[in-house]
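*Asks:* Before anything else, here's the structure in question.
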Amino acid sequence: MTLTRHMDGGFTDLTMRHVAYKLSSDILLQEVANELVILNLADGQYYGLNEIGARIIELMSSGEDINSITETLLEEFDVEQTVLERDIQTLIEELQEHALIESAD
């Protein structure tokens with residue numbers, strides 16, 4: 001899983017902006033050569049995240065909501081807001097699909 005898909009448009013569900021997520025208790029994280037490797041202990045699958053994906057996980061782990069994560073990443077990386085929002089939404093959907101994160105609420 002990496003943030004490589006670029007589509008036009010931002011968050012389709014504006015309520016998603018204020019949602020916070022937490023990491024599943026069934027995962028292990030390890031940074032390896034500018035990539036974050038996630039091991040899902042429930043099924044033994046490994047996933048890799050690039051630098052931006054790893055930063056999203058770091059911010060998510062500190063309890064920040066999607067809006068705060070987006071604002072932070074816009075300051076840290078040279079990326080258009082609509083592209084970033086779409087990539088964050090896509091990553092969250094993929095992480096949820098593989099049971100790597102869950103809603104913190």
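Scheme for the structure tokens: letters A, B, ... for chains in order shown; per-chain residue numbers from 1; ligand numbers from 1 in order shown.
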So that I can see what lies close to A:Leu36, please list as an NGL selection string the residues with an atom at most 7 Å from it, counting only C-alpha atoms and leaving out residues fewer than 4 positions away in the same chain.
*Replies:* :A and (29-32 or 48-50 or 54)
*Asks:* Between A:Ile38, A:Leu23, A:His18, A:Leu100, single out the one closest to A:Thr70, counting only C-alpha atoms.
*Replies:* A:His18
*Asks:* In Å to one decimal, how far is atom CA of A:His98 from atom CA of A:Gly44?
*Replies:*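 Taking atom CA of A:Gly44 and atom CA of A:His98, their separation equals 11.3 Å.
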*Asks:* Contacts of A:Glu71 at 10 Å or less, counting only C-alpha atoms, minus same-chain residues fewer than 3 places along, as an MDAnalysis selection string?
*Replies:* chainID A and resid 66:68 74:76 81 84:85
*Asks:* How would the residues just chosen look if you wrote them out with N, CA and C atoms as an mmCIF file, in the first residue's frame?
*Replies:*
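Saved the output as selection12.cif:
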data_model
loop_
_atom_site.group_PDB
_atom_site.id
_atom_site.type_symbol
_atom_site.label_atom_id
_atom_site.label_comp_id
_atom_site.auth_asym_id
_atom_site.auth_seq_id
_atom_site.Cartn_x
_atom_site.Cartn_y
_atom_site.Cartn_z
ATOM 1 N N ILE A 66 -8.559 13.428 10.545
ATOM 2 C CA ILE A 66 -8.172 13.521 9.140
ATOM 3 C C ILE A 66 -7.914 14.968 8.726
ATOM 4 N N ASN A 67 -8.710 15.893 9.213
ATOM 5 C CA ASN A 67 -8.513 17.307 8.888
ATOM 6 C C ASN A 67 -7.136 17.778 9.353
ATOM 7 N N SER A 68 -6.762 17.450 10.578
ATOM 8 C CA SER A 68 -5.455 17.841 11.119
ATOM 9 C C SER A 68 -4.314 17.176 10.359
ATOM 10 N N LEU A 74 0.026 19.059 4.204
ATOM 11 C CA LEU A 74 0.106 20.156 3.233
ATOM 12 C C LEU A 74 1.267 21.089 3.556
ATOM 13 N N GLU A 75 1.576 21.231 4.845
ATOM 14 C CA GLU A 75 2.715 22.054 5.260
ATOM 15 C C GLU A 75 4.042 21.350 5.019
ATOM 16 N N GLU A 76 4.055 20.025 5.134
ATOM 17 C CA GLU A 76 5.295 19.255 5.069
ATOM 18 C C GLU A 76 5.688 18.790 3.661
ATOM 19 N N GLN A 81 -3.849 20.015 -2.541
ATOM 20 C CA GLN A 81 -4.779 19.576 -1.503
ATOM 21 C C GLN A 81 -5.734 18.501 -2.005
ATOM 22 N N LEU A 84 -3.902 15.201 -2.279
ATOM 23 C CA LEU A 84 -3.611 14.680 -0.946
ATOM 24 C C LEU A 84 -4.862 14.110 -0.290
ATOM 25 N N GLU A 85 -5.956 14.840 -0.356
ATOM 26 C CA GLU A 85 -7.201 14.365 0.263
ATOM 27 C C GLU A 85 -7.651 13.047 -0.347
#
*Asks:* Which of stretch 43-89 of chain A end up as strand (DSSP E) when DSSP is run on this backbone - answer as a list in words?
*Replies:*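 Matching residues for strand (DSSP E) in stretch 43-89 of chain A are Gln45, Tyr46, Tyr47, Gly48 and Leu49 of chain A.
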*Asks:* Write out as an mmCIF file with N, CA and C atoms, in the first residue's frame all residues of chain A that backbone DSSP assigns to alpha helix (DSSP H).
*Replies:*
data_model
loop_
_atom_site.group_PDB
_atom_site.id
_atom_site.type_symbol
_atom_site.label_atom_id
_atom_site.label_comp_id
_atom_site.auth_asym_id
_atom_site.auth_seq_id
_atom_site.Cartn_x
_atom_site.Cartn_y
_atom_site.Cartn_z
ATOM 1 N N GLU A 51 6.860 7.116 2.389
ATOM 2 C CA GLU A 51 7.117 8.162 3.385
ATOM 3 C C GLU A 51 5.846 8.897 3.809
ATOM 4 N N ILE A 52 5.004 9.248 2.862
ATOM 5 C CA ILE A 52 3.774 9.976 3.204
ATOM 6 C C ILE A 52 2.809 9.058 3.948
ATOM 7 N N GLY A 53 2.674 7.825 3.488
ATOM 8 C CA GLY A 53 1.815 6.868 4.186
ATOM 9 C C GLY A 53 2.279 6.625 5.611
ATOM 10 N N ALA A 54 3.601 6.520 5.795
ATOM 11 C CA ALA A 54 4.160 6.329 7.134
ATOM 12 C C ALA A 54 3.863 7.537 8.026
ATOM 13 N N ARG A 55 3.964 8.736 7.444
ATOM 14 C CA ARG A 55 3.668 9.952 8.212
ATOM 15 C C ARG A 55 2.201 9.994 8.612
ATOM 16 N N ILE A 56 1.314 9.548 7.737
ATOM 17 C CA ILE A 56 -0.120 9.490 8.071
ATOM 18 C C ILE A 56 -0.331 8.568 9.271
ATOM 19 N N ILE A 57 0.311 7.410 9.247
ATOM 20 C CA ILE A 57 0.194 6.463 10.371
ATOM 21 C C ILE A 57 0.721 7.104 11.650
ATOM 22 N N GLU A 58 1.835 7.805 11.566
ATOM 23 C CA GLU A 58 2.410 8.470 12.739
ATOM 24 C C GLU A 58 1.427 9.496 13.311
ATOM 25 N N LEU A 59 0.849 10.313 12.447
ATOM 26 C CA LEU A 59 -0.105 11.334 12.905
ATOM 27 C C LEU A 59 -1.378 10.697 13.431
ATOM 28 N N MET A 60 -1.821 9.640 12.774
ATOM 29 C CA MET A 60 -3.011 8.915 13.211
ATOM 30 C C MET A 60 -2.785 8.327 14.607
ATOM 31 N N SER A 61 -1.585 7.806 14.832
ATOM 32 C CA SER A 61 -1.242 7.198 16.125
ATOM 33 C C SER A 61 -1.249 8.210 17.255
ATOM 34 N N ILE A 66 -8.559 13.428 10.545
ATOM 35 C CA ILE A 66 -8.172 13.521 9.140
ATOM 36 C C ILE A 66 -7.914 14.968 8.726
ATOM 37 N N ASN A 67 -8.710 15.893 9.213
ATOM 38 C CA ASN A 67 -8.513 17.307 8.888
ATOM 39 C C ASN A 67 -7.136 17.778 9.353
ATOM 40 N N SER A 68 -6.762 17.450 10.578
ATOM 41 C CA SER A 68 -5.455 17.841 11.119
ATOM 42 C C SER A 68 -4.314 17.176 10.359
ATOM 43 N N ILE A 69 -4.499 15.911 10.015
ATOM 44 C CA ILE A 69 -3.481 15.191 9.251
ATOM 45 C C ILE A 69 -3.283 15.858 7.895
ATOM 46 N N THR A 70 -4.378 16.203 7.245
ATOM 47 C CA THR A 70 -4.305 16.858 5.939
ATOM 48 C C THR A 70 -3.561 18.185 6.043
ATOM 49 N N GLU A 71 -3.912 19.002 7.023
ATOM 50 C CA GLU A 71 -3.259 20.302 7.200
ATOM 51 C C GLU A 71 -1.761 20.144 7.452
ATOM 52 N N THR A 72 -1.391 19.181 8.288
ATOM 53 C CA THR A 72 0.026 18.939 8.587
ATOM 54 C C THR A 72 0.788 18.523 7.334
ATOM 55 N N LEU A 73 0.224 17.600 6.573
ATOM 56 C CA LEU A 73 0.905 17.106 5.376
ATOM 57 C C LEU A 73 1.013 18.178 4.292
ATOM 58 N N LEU A 74 0.026 19.059 4.204
ATOM 59 C CA LEU A 74 0.106 20.156 3.233
ATOM 60 C C LEU A 74 1.267 21.089 3.556
ATOM 61 N N GLU A 75 1.576 21.231 4.845
ATOM 62 C CA GLU A 75 2.715 22.054 5.260
ATOM 63 C C GLU A 75 4.042 21.350 5.019
ATOM 64 N N GLU A 76 4.055 20.025 5.134
ATOM 65 C CA GLU A 76 5.295 19.255 5.069
ATOM 66 C C GLU A 76 5.688 18.790 3.661
ATOM 67 N N GLN A 81 -3.849 20.015 -2.541
ATOM 68 C CA GLN A 81 -4.779 19.576 -1.503
ATOM 69 C C GLN A 81 -5.734 18.501 -2.005
ATOM 70 N N THR A 82 -6.297 18.665 -3.205
ATOM 71 C CA THR A 82 -7.253 17.671 -3.696
ATOM 72 C C THR A 82 -6.596 16.315 -3.922
ATOM 73 N N VAL A 83 -5.360 16.323 -4.391
ATOM 74 C CA VAL A 83 -4.625 15.069 -4.589
ATOM 75 C C VAL A 83 -4.351 14.418 -3.247
ATOM 76 N N LEU A 84 -3.902 15.201 -2.279
ATOM 77 C CA LEU A 84 -3.611 14.680 -0.946
ATOM 78 C C LEU A 84 -4.862 14.110 -0.290
ATOM 79 N N GLU A 85 -5.956 14.840 -0.356
ATOM 80 C CA GLU A 85 -7.201 14.365 0.263
ATOM 81 C C GLU A 85 -7.651 13.047 -0.347
ATOM 82 N N ARG A 86 -7.561 12.936 -1.659
ATOM 83 C CA ARG A 86 -7.955 11.693 -2.333
ATOM 84 C C ARG A 86 -7.028 10.552 -1.911
ATOM 85 N N ASP A 87 -5.735 10.814 -1.840
ATOM 86 C CA ASP A 87 -4.780 9.772 -1.447
ATOM 87 C C ASP A 87 -4.995 9.324 0.000
ATOM 88 N N ILE A 88 -5.285 10.277 0.883
ATOM 89 C CA ILE A 88 -5.555 9.926 2.281
ATOM 90 C C ILE A 88 -6.816 9.073 2.363
ATOM 91 N N GLN A 89 -7.856 9.476 1.659
ATOM 92 C CA GLN A 89 -9.104 8.716 1.671
ATOM 93 C C GLN A 89 -8.882 7.297 1.154
ATOM 94 N N THR A 90 -8.140 7.171 0.069
ATOM 95 C CA THR A 90 -7.847 5.856 -0.507
ATOM 96 C C THR A 90 -7.054 5.001 0.473
ATOM 97 N N LEU A 91 -6.038 5.592 1.103
ATOM 98 C CA LEU A 91 -5.242 4.844 2.068
ATOM 99 C C LEU A 91 -6.087 4.378 3.245
ATOM 100 N N ILE A 92 -6.929 5.247 3.770
ATOM 101 C CA ILE A 92 -7.786 4.870 4.903
ATOM 102 C C ILE A 92 -8.699 3.708 4.522
ATOM 103 N N GLU A 93 -9.276 3.778 3.338
ATOM 104 C CA GLU A 93 -10.141 2.685 2.881
ATOM 105 C C GLU A 93 -9.364 1.379 2.790
ATOM 106 N N GLU A 94 -8.134 1.431 2.272
ATOM 107 C CA GLU A 94 -7.318 0.221 2.160
ATOM 108 C C GLU A 94 -6.916 -0.308 3.534
ATOM 109 N N LEU A 95 -6.551 0.585 4.441
ATOM 110 C CA LEU A 95 -6.178 0.159 5.790
ATOM 111 C C LEU A 95 -7.359 -0.478 6.513
ATOM 112 N N GLN A 96 -8.556 0.087 6.337
ATOM 113 C CA GLN A 96 -9.748 -0.493 6.948
ATOM 114 C C GLN A 96 -10.079 -1.849 6.327
ATOM 115 N N GLU A 97 -9.953 -1.940 5.012
ATOM 116 C CA GLU A 97 -10.250 -3.184 4.304
ATOM 117 C C GLU A 97 -9.398 -4.337 4.819
#
*Asks:* Which of these residues is nearest to A:Ala99, using only C-alpha atoms: A:Ile27, A:Val79, A:Ala20, A:Ala33?
*Replies:* A:Ile27
*Asks:* Which polymer residues have any atom within 8 Å of an atom of A:Asp26, counting only C-alpha atoms, with same-chain residues fewer than 2 positions away left out, as a list in words?
*Replies:*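 In the requested form, the answer reads Ser24, Leu28, Asn40, Leu41, Ala42 and Leu100 of chain A.
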*Asks:* For the selection just defined, write its residues with N, CA and C atoms to a file, as a CSV table (one decimal), in the first residue's frame.
*Replies:*
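What follows is the written file part09.csv:
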chain,number,residue,atom,x,y,z
A,24,SER,N,-5.0,-0.9,14.7
A,24,SER,CA,-5.5,-2.2,15.2
A,24,SER,C,-4.5,-2.7,16.3
A,28,LEU,N,2.0,-5.1,14.0
A,28,LEU,CA,3.3,-4.6,14.4
A,28,LEU,C,3.8,-3.7,13.3
A,40,ASN,N,0.2,-7.7,9.8
A,40,ASN,CA,-1.1,-8.0,10.4
A,40,ASN,C,-0.9,-9.3,11.1
A,41,LEU,N,-0.9,-9.3,12.4
A,41,LEU,CA,-0.7,-10.6,13.2
A,41,LEU,C,-1.9,-11.6,13.0
A,42,ALA,N,-3.1,-11.0,12.7
A,42,ALA,CA,-4.2,-11.9,12.5
A,42,ALA,C,-4.1,-12.8,11.3
A,100,LEU,N,-6.4,-2.9,9.5
A,100,LEU,CA,-5.2,-2.4,10.1
A,100,LEU,C,-5.5,-1.2,10.9
*Asks:* Provide the atom CA of A:Tyr46 to atom CA of A:Ile101 distance in Å, to one decimal place.
*Replies:*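 Rounded to one decimal, the two atoms are 14.3 Å apart.
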*Asks:* Record the distance separating atom CA of A:Val19 and atom CA of A:Glu64, expressed in Å with one decimal.
*Replies:*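 Distance reported for this atom pair: 8.6 Å.
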